[in-house]
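Structure data follow from protein_39.txt (compact mmCIF, C-alpha atoms):
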```
# COMPACT_ATOMS: atom_id res chain seq x y z
CA MET A 1 21.65 -40.80 -48.87
CA ILE A 2 22.35 -41.19 -45.16
CA GLU A 3 24.47 -38.65 -43.29
CA SER A 4 25.12 -38.45 -39.57
CA ILE A 5 26.35 -36.23 -36.78
CA THR A 6 27.26 -37.43 -33.29
CA THR A 7 25.55 -35.42 -30.58
CA PRO A 8 27.27 -34.42 -27.31
CA GLY A 9 26.79 -36.12 -23.97
CA MET A 10 25.71 -39.69 -24.69
CA GLY A 11 27.15 -39.76 -28.21
CA VAL A 12 23.94 -40.44 -30.09
CA ASN A 13 24.20 -40.76 -33.87
CA CYS A 14 21.68 -38.33 -35.35
CA TYR A 15 20.90 -39.24 -38.97
CA LEU A 16 19.68 -37.24 -41.94
CA LEU A 17 18.12 -39.40 -44.63
CA THR A 18 17.64 -37.58 -47.93
CA CYS A 19 15.99 -38.35 -51.26
CA GLY A 20 18.55 -37.26 -53.85
CA GLN A 21 15.89 -36.55 -56.46
CA THR A 22 13.57 -34.33 -54.44
CA LYS A 23 15.89 -33.11 -51.63
CA LYS A 24 13.19 -34.05 -49.12
CA ALA A 25 14.62 -35.50 -45.91
CA ILE A 26 13.85 -36.80 -42.44
CA LEU A 27 15.84 -36.17 -39.28
CA ILE A 28 16.30 -39.24 -37.09
CA ASP A 29 17.06 -39.24 -33.34
CA PRO A 30 18.16 -35.66 -32.65
CA GLY A 31 19.70 -36.01 -29.19
CA ALA A 32 21.48 -33.27 -27.26
CA GLY A 33 23.07 -30.25 -28.95
CA SER A 34 20.07 -28.64 -30.62
CA LYS A 35 21.99 -25.60 -31.91
CA MET A 36 24.76 -27.85 -33.26
CA ILE A 37 22.21 -29.98 -35.13
CA GLN A 38 20.44 -26.86 -36.40
CA ASN A 39 23.71 -25.42 -37.74
CA TRP A 40 24.53 -28.77 -39.36
CA LEU A 41 21.16 -28.77 -41.11
CA LYS A 42 21.67 -25.21 -42.34
CA GLU A 43 24.70 -26.43 -44.28
CA LYS A 44 22.48 -28.83 -46.21
CA ASP A 45 20.12 -28.20 -49.09
CA GLN A 46 17.25 -30.34 -47.87
CA GLU A 47 13.63 -29.89 -46.92
CA ILE A 48 13.06 -31.65 -43.59
CA ILE A 49 9.55 -33.10 -43.67
CA TYR A 50 9.46 -34.68 -40.20
CA ILE A 51 11.49 -35.96 -37.27
CA LEU A 52 11.54 -39.73 -36.77
CA LEU A 53 12.52 -41.41 -33.49
CA THR A 54 13.77 -44.98 -33.18
CA HIS A 55 12.70 -45.00 -29.51
CA GLY A 56 11.85 -42.65 -26.66
CA HIS A 57 14.88 -42.56 -24.35
CA TYR A 58 15.96 -39.08 -23.31
CA ASP A 59 19.35 -39.23 -25.03
CA HIS A 60 17.64 -39.65 -28.41
CA ILE A 61 14.98 -36.95 -27.98
CA GLY A 62 16.82 -34.05 -26.32
CA SER A 63 16.60 -31.65 -29.29
CA VAL A 64 13.19 -32.73 -30.57
CA GLU A 65 11.07 -29.93 -29.13
CA TYR A 66 13.45 -27.17 -30.20
CA LEU A 67 13.87 -28.53 -33.73
CA ARG A 68 10.19 -29.34 -34.13
CA ASN A 69 9.41 -25.67 -33.50
CA GLU A 70 12.31 -24.30 -35.55
CA LEU A 71 11.68 -26.55 -38.55
CA GLN A 72 7.87 -26.54 -38.17
CA VAL A 73 7.65 -30.30 -38.66
CA GLN A 74 5.83 -33.22 -37.08
CA VAL A 75 7.36 -35.96 -34.93
CA ALA A 76 6.94 -39.71 -35.53
CA ILE A 77 7.48 -42.52 -33.01
CA HIS A 78 6.19 -46.08 -32.60
CA LYS A 79 2.88 -46.14 -30.75
CA ASP A 80 4.29 -48.28 -27.91
CA ASP A 81 6.88 -45.61 -27.06
CA ALA A 82 4.55 -42.63 -27.45
CA GLU A 83 4.20 -42.05 -23.68
CA MET A 84 7.95 -41.77 -23.31
CA LEU A 85 7.89 -38.33 -24.94
CA THR A 86 5.53 -36.90 -22.35
CA ASN A 87 6.63 -38.85 -19.26
CA PRO A 88 10.11 -38.06 -17.80
CA ALA A 89 10.05 -41.27 -15.75
CA LYS A 90 9.51 -43.40 -18.85
CA ASN A 91 12.13 -41.63 -20.99
CA LEU A 92 14.54 -41.92 -18.02
CA SER A 93 15.37 -38.20 -17.82
CA SER A 94 13.84 -37.93 -14.35
CA PHE A 95 16.49 -40.31 -13.02
CA LEU A 96 19.08 -37.68 -13.94
CA GLY A 97 17.06 -34.80 -12.52
CA LYS A 98 16.38 -33.29 -15.97
CA ASP A 99 12.67 -34.03 -16.52
CA VAL A 100 12.62 -33.96 -20.33
CA LYS A 101 8.95 -33.62 -21.26
CA LEU A 102 7.86 -33.10 -24.86
CA SER A 103 4.60 -32.48 -26.65
CA PRO A 104 2.96 -35.67 -27.94
CA ALA A 105 4.07 -37.08 -31.28
CA GLU A 106 1.86 -36.20 -34.23
CA ILE A 107 2.56 -39.49 -36.03
CA LEU A 108 2.27 -42.89 -34.32
CA LEU A 109 4.00 -45.68 -36.22
CA ASP A 110 3.21 -49.37 -36.50
CA ASP A 111 5.14 -52.47 -37.54
CA ASN A 112 5.72 -52.88 -41.28
CA GLN A 113 4.42 -49.39 -41.96
CA GLU A 114 5.89 -47.79 -45.07
CA LEU A 115 6.96 -44.14 -45.09
CA LYS A 116 7.62 -41.97 -48.13
CA VAL A 117 10.46 -39.46 -48.26
CA GLY A 118 10.32 -37.98 -51.72
CA GLU A 119 10.88 -40.93 -54.05
CA ILE A 120 12.28 -43.14 -51.25
CA THR A 121 10.18 -45.73 -49.42
CA LEU A 122 11.18 -46.65 -45.86
CA LYS A 123 9.96 -49.63 -43.87
CA VAL A 124 9.33 -49.58 -40.12
CA ILE A 125 10.52 -52.76 -38.38
CA HIS A 126 9.26 -53.04 -34.80
CA THR A 127 12.08 -54.47 -32.66
CA PRO A 128 10.96 -54.40 -29.00
CA GLY A 129 13.44 -55.22 -26.27
CA HIS A 130 15.48 -52.10 -25.62
CA THR A 131 12.15 -50.31 -25.26
CA PRO A 132 8.62 -51.59 -25.93
CA GLY A 133 8.31 -49.48 -29.08
CA GLY A 134 11.84 -49.60 -30.40
CA ILE A 135 12.08 -49.65 -34.18
CA CYS A 136 14.60 -50.02 -36.98
CA ILE A 137 14.21 -48.24 -40.30
CA LEU A 138 15.01 -50.19 -43.46
CA THR A 139 16.12 -48.17 -46.48
CA ASP A 140 17.72 -48.96 -49.82
CA ASP A 141 21.01 -47.73 -48.33
CA GLY A 142 20.90 -49.81 -45.17
CA LEU A 143 19.29 -50.28 -41.77
CA ILE A 144 19.05 -47.53 -39.18
CA SER A 145 18.99 -49.68 -36.07
CA GLY A 146 18.60 -47.21 -33.19
CA ASP A 147 19.61 -48.92 -29.95
CA THR A 148 18.49 -52.38 -31.07
CA LEU A 149 21.70 -53.56 -32.74
CA PHE A 150 25.25 -52.22 -32.38
CA ASN A 151 28.65 -53.05 -33.80
CA GLY A 152 29.49 -56.13 -31.74
CA SER A 153 26.73 -55.64 -29.21
CA VAL A 154 23.02 -55.02 -28.63
CA GLY A 155 20.97 -52.47 -26.74
CA ARG A 156 20.74 -52.44 -22.96
CA THR A 157 17.69 -54.05 -21.39
CA ASP A 158 18.23 -53.19 -17.72
CA PHE A 159 16.11 -50.03 -17.98
CA PRO A 160 12.36 -49.99 -17.25
CA GLY A 161 10.56 -51.58 -20.19
CA GLY A 162 13.64 -53.49 -21.34
CA ASP A 163 13.54 -57.22 -22.03
CA MET A 164 16.63 -59.11 -23.26
CA GLN A 165 14.65 -62.12 -24.47
CA LYS A 166 12.43 -59.89 -26.60
CA LEU A 167 15.42 -57.95 -27.91
CA ILE A 168 17.31 -61.04 -29.07
CA SER A 169 14.12 -62.43 -30.59
CA SER A 170 13.58 -59.14 -32.44
CA ILE A 171 17.11 -59.24 -33.84
CA GLN A 172 17.04 -62.90 -34.77
CA ASN A 173 13.57 -62.91 -36.30
CA ARG A 174 13.37 -59.44 -37.85
CA LEU A 175 16.93 -58.42 -38.76
CA MET A 176 19.00 -61.52 -39.37
CA ASP A 177 17.07 -62.41 -42.51
CA LEU A 178 18.43 -59.28 -44.20
CA PRO A 179 21.30 -59.74 -46.69
CA ASP A 180 24.82 -59.94 -45.26
CA GLU A 181 25.87 -56.78 -47.10
CA THR A 182 23.17 -54.63 -45.45
CA VAL A 183 24.91 -51.71 -43.77
CA VAL A 184 23.77 -51.09 -40.19
CA TYR A 185 23.67 -47.50 -38.91
CA PRO A 186 23.36 -47.79 -35.11
CA GLY A 187 22.26 -45.27 -32.51
CA HIS A 188 25.75 -45.13 -30.98
CA GLU A 189 29.30 -45.87 -32.12
CA SER A 190 30.37 -47.05 -35.59
CA ARG A 191 28.44 -48.66 -38.41
CA THR A 192 28.61 -52.36 -39.21
CA THR A 193 26.89 -54.91 -41.47
CA ILE A 194 24.32 -57.62 -40.91
CA GLY A 195 26.82 -60.26 -42.07
CA ARG A 196 29.47 -59.12 -39.60
CA GLU A 197 26.99 -59.16 -36.72
CA ARG A 198 25.60 -62.53 -37.72
CA SER A 199 29.05 -64.09 -37.58
CA SER A 200 30.80 -62.23 -34.76
CA ASN A 201 28.26 -60.59 -32.44
CA PRO A 202 28.32 -62.77 -29.29
CA PHE A 203 24.71 -61.91 -28.39
CA ILE A 204 23.56 -63.23 -31.75
CA ASN A 205 25.79 -66.24 -32.44
CA GLY A 206 25.37 -67.66 -28.94
CA THR A 207 28.93 -67.21 -27.65
CA ILE A 208 27.84 -65.12 -24.68
```
Structure re-expressed in structure tokens:
Amino acid sequence: MIESITTPGMGVNCYLLTCGQTKKAILIDPGAGSKMIQNWLKEKDQEIIYILLTHGHYDHIGSVEYLRNELQVQVAIHKDDAEMLTNPAKNLSSFLGKDVKLSPAEILLDDNQELKVGEITLKVIHTPGHTPGGICILTDDGLISGDTLFNGSVGRTDFPGGDMQKLISSIQNRLMDLPDETVVYPGHESRTTIGRERSSNPFINGTI
């Protein structure tokens, strides 16, 4: 089961992925609004086992430190984005004068790594381009795509560490072989499907 809440400011989609059998869950990309996210979680009947990050940009990590301490859980991020948590210049917060600096992640992820959440198995798909360590998370209920793939668009690559050629290659070679009916849960805006993006996303079908 995948539920979401949109955080204030940059409008990041924060996801809660829960195993219906065990009620164990992971929290994905808790951006700004730590108290709002905390209150949202209190309404649920889940045991959060860790926080997972699709990448290290400041808008996706704003509530991590607060929730890590409140929930007493570990944080997971791809190894190539690990420095973004501790370096405000790399997570881009220093450009806004905020200097978001977190403790290091306890769990460093790798491509094709499998994660267990109760009886659910998740697969880490490394999709560099938006950031060097950007990932998507494949579940039985769909693909949590972070800022790799959006409804009708793709992630920005004009930030430090971004690379449009790598991003398009990641999408074409790692995501477009998924079934058309795969639901895509992006880091911002509304959900979509792999089939819809394959046919109508101009960055993917070559019309842009």
Just need the box for region 68-75 of chain A, edges along x, y and z, holding every atom the file lists for it with 4 Å tacked onto each side, so centre and edge lengths in Å to one decimal, as JSON.
```
{"center_x": 9.1, "center_y": -30.1, "center_z": -36.1, "size_x": 14.5, "size_y": 19.7, "size_z": 13.2}
```
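Of the listed residues (A:Gly118, A:Pro8, A:Pro128, A:Gly56), A:Gly56 comes nearest to Ala76 (chain A); the distances count all atoms listed in the file.
For the choices A:Ser63, A:Arg156, A:Thr54, A:Leu27, the atom-to-atom distance to Leu108 (chain A) is smallest for A:Thr54 when using only C-alpha atoms.
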Could you give me, as an mmCIF file with C-alpha atoms, keeping the file's coordinate frame, the residues within 9 Å of Leu67 (chain A), counting all atoms listed in the file and dropping anything in the same chain fewer than 4 positions from it?
```
data_model
loop_
_atom_site.group_PDB
_atom_site.id
_atom_site.type_symbol
_atom_site.label_atom_id
_atom_site.label_comp_id
_atom_site.auth_asym_id
_atom_site.auth_seq_id
_atom_site.Cartn_x
_atom_site.Cartn_y
_atom_site.Cartn_z
ATOM 1 C CA PRO A 30 18.160 -35.660 -32.650
ATOM 2 C CA SER A 34 20.070 -28.640 -30.620
ATOM 3 C CA LYS A 35 21.990 -25.600 -31.910
ATOM 4 C CA ILE A 37 22.210 -29.980 -35.130
ATOM 5 C CA GLN A 38 20.440 -26.860 -36.400
ATOM 6 C CA ILE A 51 11.490 -35.960 -37.270
ATOM 7 C CA SER A 63 16.600 -31.650 -29.290
ATOM 8 C CA LEU A 71 11.680 -26.550 -38.550
ATOM 9 C CA GLN A 72 7.870 -26.540 -38.170
ATOM 10 C CA VAL A 73 7.650 -30.300 -38.660
#
```
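With all atoms listed in the file as the atoms that count, the residue of A:Ile194, A:Ile28, A:Val100, A:Leu175 with the shortest distance to Asn151 (chain A) is A:Ile194.
The smallest atom-to-atom distance between Ile5 (chain A) and any of A:Met36, A:Val124, A:Leu109, A:Ile144, using all atoms listed in the file, is found for A:Met36.
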Spatial sel., origin (10.6, -38.6, -31.9), limit 12 Å, only C-alpha atoms, listed as a ChimeraX atom specification: /A:14,26-31,50-68,73-79,81-86,91,101-109,133-135,146
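The interatomic distance for the pair CA of Pro160 (chain A) and CA of Thr131 (chain A) works out to 8.0 Å.
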Please identify all polymer residues within 7 Å of Gly187 (chain A), counting all atoms listed in the file, omitting same-chain residues fewer than 6 positions from it, and present them as an MDAnalysis selection string. chainID A and resid 12:13 145:147
Writer output for current selection, C-alpha atoms, as a CSV table (one decimal), keeping the file's coordinate frame:
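Dumped to again.csv:
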```
chain,number,residue,atom,x,y,z
A,12,VAL,CA,23.9,-40.4,-30.1
A,13,ASN,CA,24.2,-40.8,-33.9
A,145,SER,CA,19.0,-49.7,-36.1
A,146,GLY,CA,18.6,-47.2,-33.2
A,147,ASP,CA,19.6,-48.9,-30.0
```
